[in-house]
Amino acid sequence: MIKDFILPDIGEGVVECELVEWLVQEGDTIAEDQPIADVMTDKALVQIPAPFAGVVTKLYYAKGDIAKVHAPLYAVQIESDEAAPVAASQPEVHVAIQTPASQASVAGTSVEEFLLPDIGEGIVECELVEWLVQEGDTVVEDQPIADVMTDKALVQIPAIKAGKIVKLHYRKGQLAKVHAPLFAIEVEGGVIAPVSHVQEASAAANTAAPAACTAVSSEPARQGKALASPAVRRMARALDIDLSRVPGSGKHGRVYKEDITRFQAQGGAVPAVAPVAVAPTVGQSTVSTAVTSARGDIVEPIRGVKAVMAKMMVESVSTIPHFTYCEEFDLTDLVALRESMKAKYSSDEVKLTMMPFFMKAMSLALTQFPVLNSQVNADCTEITYKARHNIGMAVDSKVGLLVPNVKDVQDKSILEVAAEITRLTNAARSGRVAPADLKDGTISISNIGALGGTVATPIINKPEVAIVALGKLQTLPRFNAKGEVEARQIMQVSWSGDHRVIDGGTIARFCNLWKQYLEQPQDMLLAMR
């Protein structure tokens with residue numbers, strides 16, 4: 001039968017994409033998981049694999065055309081209806097297949113493989129950060145099983161059924177493949193799923209000895225285009241490695257990142273130098289001989305949130321002309337006010353730190369200087385003044401730098417802002433911030449003072465036009481109105497602005513108003529609506 005491949009969802013809000021290159025031609029026989037086409041969204045280059053084997057009968061688009069999501073991309077002739085799996089846009093999470101007669105089964109139970117589902121746009125693999133269960137553990141439905149890291153966030157994988165964990169197919173730190181078995185679970189009723197070739201390869205990879213991993217493959221180098229994801233191709237280009245020479249450990253010879261790392265290690269391994277023992281001569285003092293041990297450089301890919309941050313920072317500094325403005329704040333009165341309120345209003349859900357006051361004062365100042373809460377288009381021909389004050393805060397999480405934002409600060413009280421900050425901080429530090437909390441920010445605050453810094457030159461979180469870094473709060477001597485020296489609570493703040501739309505005078509006047517609200521909290525209270 002001939003079956004149309006429907007282009008699945010390949011990103012949030014993406015309804016179409018450019019057909020960059022066909023990797024097959026009409027009449028070609030393709031295998032399952034073989035790359036079919038490269039398509040470009042407004043965010044990334046995505047490679048489309050074949051969900052089933054067959055013969056390509058029709059390519060619906062020419063190179064350079066705009067392909068529609070949920071519309072046919074190509075047609076393929078397959079063996080029969082039974083050979084056709086579920087549509088690519090609706091991948092199965094788990095399967096249970098009839099047990100062969102030769103396979104032993106436990107009465108009343110079955111073993112099912114949990115297939116790692118699609119967990120993000122263009123993601124074909126993710127790092128196994130931590131197993132939350134062990135083999136032999138009994139789990140309940142929706143119980144967290146593992147934490148995996150994509151190039152965007154830390155994702156927790158739950159159990160879809162209750163049962164007993166039979167097999168964990170990956171070790172901590174390994175790369176798990178999307179649509180491949182992640183773990184096996186024994187459940188009540190049903191039948192046992194036979195171990196597939198993918199599962200056997202996964203199990204073999206997990207149990208192979210280190211010596212076997214370093215053995216050089218004797219098979220000839222593959223000709224033509226290698227099977228690999230865009231992330232793997234980028235890694236190969238960065239290391240100047242020809243992918244066609246890398247032996248792939250995946251299905252149909254697909255090359256993964258660990259294959260490249262192993263290939264590179266084989267080509268540049270340096271034998272360790274054994275230290276030479278020198279026997280001291282009779283009558284002479286023993287001389288300590290320093291032996292330099294051979295150490296190899298450690299190369300590891302930058303992935304996850306760190307890779308996304310690197311890309312965003314490069315784009316920001318290369319497209320936005322930054323300038324920095326610094327000021328000193330005397331927060332003695334605000335510190336005293338916060339201390340007097342902390343005992344009464346702080347709880348497990350609300351931590352009354354200094355940040356809620358900074359955000360609320362900033363929102364009040366933004367109403368007078370809306371240009372700091374604006375965004376410009378790519379060629380800087382239009383500026384949009386954002387009505388919502390969605391103020392972001394940079395959090396140093398265990399997965400990298402995250403910048404969740406408090407939505408609509410202009411409509412919230414200080415206590416409501418404090419509750420949101422507490423929620424977002426706890427989520428960010430665990431690496432489990434909801435995507436909605438990371439989107440639609442309009443201006444950002446970076447609290448470098450928490451780590452001891454005083455002055456910084458922060459990089460703007462594009463497409464925003466301004467960011468401020470808060471320095472460490474210090475007790476320093478200052479002159480009062482009578483010329484007397486007294487101890488004051490001083491903080492340095494450092495602004496970075498987009499010089500295309502903000503000039504030095506504007507950011508100075510804005511900062512002065514923000515400073516007034518913080519140094520004289522009574523003025524902030526009077527300005528609140």
# chains A, B, ... in the order shown; residues from 1 in each chain; ligands from 1
$ residues_around --residues "Thr425 in chain A" --least-positions-apart "6" --cutoff "10 Å" --atoms "only C-alpha atoms" --output "NGL selection string"
:A and (393-397 or 402-404 or 419 or 431 or 433)
$ residues_around --residues "Glu186 in chain A" --least-positions-apart "6" --cutoff "7 Å" --atoms "only C-alpha atoms" --output "list of chain:residue names"
A:Thr109, A:Ser110, A:Val111, A:Glu112, A:Gly163, A:Lys164, A:Ile165, A:Val166
$ write_last_selection --atoms "N, CA, C and O atoms" --output "short mmCIF file (atom, residue, chain, number, x, y, z; two decimals), in the first residue's frame"
data_model
loop_
_atom_site.label_atom_id
_atom_site.label_comp_id
_atom_site.auth_asym_id
_atom_site.auth_seq_id
_atom_site.Cartn_x
_atom_site.Cartn_y
_atom_site.Cartn_z
N THR A 109 1.43 -11.89 34.20
CA THR A 109 2.22 -10.66 34.07
C THR A 109 2.81 -10.58 32.67
O THR A 109 2.86 -11.56 31.94
N SER A 110 3.27 -9.38 32.32
CA SER A 110 3.97 -9.19 31.05
C SER A 110 5.03 -8.13 31.22
O SER A 110 4.97 -7.32 32.15
N VAL A 111 6.01 -8.14 30.35
CA VAL A 111 7.09 -7.16 30.37
C VAL A 111 6.91 -6.22 29.19
O VAL A 111 6.84 -6.68 28.05
N GLU A 112 6.80 -4.95 29.45
CA GLU A 112 6.62 -3.96 28.40
C GLU A 112 7.81 -3.00 28.39
O GLU A 112 8.36 -2.66 29.44
N GLY A 163 3.96 -1.18 38.14
CA GLY A 163 4.60 -2.47 37.93
C GLY A 163 5.97 -2.53 38.57
O GLY A 163 6.31 -1.72 39.44
N LYS A 164 6.77 -3.48 38.10
CA LYS A 164 8.11 -3.70 38.65
C LYS A 164 9.15 -3.41 37.57
O LYS A 164 9.04 -3.91 36.45
N ILE A 165 10.15 -2.61 37.90
CA ILE A 165 11.22 -2.27 36.96
C ILE A 165 12.09 -3.49 36.73
O ILE A 165 12.68 -4.04 37.68
N VAL A 166 12.16 -3.92 35.47
CA VAL A 166 12.92 -5.12 35.12
C VAL A 166 14.31 -4.76 34.60
O VAL A 166 15.30 -5.41 34.94
#
$ atom_distance --atom1 "CA of Lys257 in chain A" --atom2 "CA of Arg295 in chain A"
22.6 Å
$ closest_residue --among "A:Thr422, A:Gln516, A:Thr324, A:Asn390" --to "Met355 in chain A" --atoms "only C-alpha atoms"
A:Thr422
$ closest_residue --among "A:Asp330, A:Glu382, A:Glu315, A:Glu420" --to "Thr353 in chain A" --atoms "only C-alpha atoms"
A:Glu420
$ closest_residue --among "A:Met362, A:Phe329, A:His322, A:Cys511" --to "Lys462 in chain A" --atoms "only C-alpha atoms"
A:His322
$ atom_distance --atom1 "CA of Leu473 in chain A" --atom2 "CA of Gly441 in chain A"
25.9 Å
$ residues_around --residues "Gly64 in chain A" --least-positions-apart "3" --cutoff "6 Å" --atoms "only C-alpha atoms" --output "PyMOL selection string"
chain A and resi 18-20
$ closest_residue --among "A:His70, A:Arg237, A:Lys3, A:Arg254" --to "Thr57 in chain A" --atoms "only C-alpha atoms"
A:Lys3
$ residues_around --residues "Leu59 in chain A" --least-positions-apart "4" --cutoff "12 Å" --atoms "only C-alpha atoms" --output "PDB file with C-alpha atoms, in the first residue's frame"
ATOM      1  CA  ASP A   4       1.497   9.552   2.974  1.00  0.00           C
ATOM      2  CA  PHE A   5       3.951  10.751   5.592  1.00  0.00           C
ATOM      3  CA  ILE A   6       2.294  13.681   7.396  1.00  0.00           C
ATOM      4  CA  LEU A  19      12.429  22.289   2.563  1.00  0.00           C
ATOM      5  CA  GLU A  21      17.295  19.445   1.111  1.00  0.00           C
ATOM      6  CA  TRP A  22      15.888  16.077   0.147  1.00  0.00           C
ATOM      7  CA  LEU A  23      18.174  13.271   1.310  1.00  0.00           C
ATOM      8  CA  VAL A  24      16.367  10.708  -0.888  1.00  0.00           C
ATOM      9  CA  GLN A  25      14.835  10.612  -4.369  1.00  0.00           C
ATOM     10  CA  GLU A  26      11.639   9.170  -5.773  1.00  0.00           C
ATOM     11  CA  GLY A  27      12.123   5.443  -6.299  1.00  0.00           C
ATOM     12  CA  ASP A  28      14.652   5.071  -3.458  1.00  0.00           C
ATOM     13  CA  ILE A  36      14.540  11.781   4.541  1.00  0.00           C
ATOM     14  CA  ALA A  37      14.810  15.568   4.477  1.00  0.00           C
ATOM     15  CA  VAL A  55       9.916   2.744  -1.400  1.00  0.00           C
ATOM     16  CA  LYS A  63      13.926  22.162  -2.643  1.00  0.00           C
ATOM     17  CA  ASP A  65       9.449  25.191  -1.077  1.00  0.00           C
ATOM     18  CA  ALA A  67       6.139  22.670   3.604  1.00  0.00           C
ATOM     19  CA  PRO A  72       1.761  15.251   3.374  1.00  0.00           C
ATOM     20  CA  LEU A  73       5.536  15.576   2.957  1.00  0.00           C
ATOM     21  CA  TYR A  74       6.181  12.472   0.852  1.00  0.00           C
ATOM     22  CA  ALA A  75       4.511   9.185  -0.072  1.00  0.00           C
ATOM     23  CA  VAL A  76       5.993   5.753   0.564  1.00  0.00           C
TER      24      VAL A  76
END
$ atom_distance --atom1 "CA of Gln410 in chain A" --atom2 "CA of Ile502 in chain A"
21.6 Å
$ residues_around --residues "Pro370 in chain A" --least-positions-apart "6" --cutoff "12 Å" --atoms "only C-alpha atoms" --output "VMD selection string"
chain A and resid 362 to 364 383 to 389 442 to 443 465 to 466 501 to 502 506 to 507 510
$ write_last_selection --atoms "C-alpha atoms" --output "compact mmCIF listing (two decimals), in the first residue's frame"
# COMPACT_ATOMS: atom_id res chain seq x y z
CA MET A 362 11.19 48.89 38.67
CA SER A 363 7.63 48.41 37.42
CA LEU A 364 6.61 51.79 38.83
CA ILE A 383 9.70 49.49 18.28
CA THR A 384 6.97 47.85 20.37
CA TYR A 385 6.20 49.22 23.83
CA LYS A 386 5.14 46.22 25.90
CA ALA A 387 2.05 46.75 28.05
CA ARG A 388 2.95 43.95 30.47
CA HIS A 389 5.85 44.27 32.91
CA THR A 442 10.37 42.29 28.88
CA ILE A 443 13.30 43.31 31.14
CA VAL A 465 16.53 46.21 25.47
CA ALA A 466 17.87 46.48 29.04
CA VAL A 501 16.80 52.78 21.27
CA ILE A 502 18.11 53.92 24.68
CA THR A 506 17.26 58.15 29.44
CA ILE A 507 18.72 55.26 31.40
CA PHE A 510 15.08 56.00 34.76
$ closest_residue --among "A:Ile391, A:Val308, A:Leu116, A:Leu243" --to "Lys360 in chain A" --atoms "only C-alpha atoms"
A:Ile391
$ closest_residue --among "A:Leu476, A:Ala265, A:Leu45, A:Ala418" --to "Ile298 in chain A" --atoms "only C-alpha atoms"
A:Ala265
$ residues_around --residues "Met524 in chain A" --least-positions-apart "4" --cutoff "7 Å" --atoms "only C-alpha atoms" --output "list in words"
Ala361, Tyr517 and Met528 of chain A
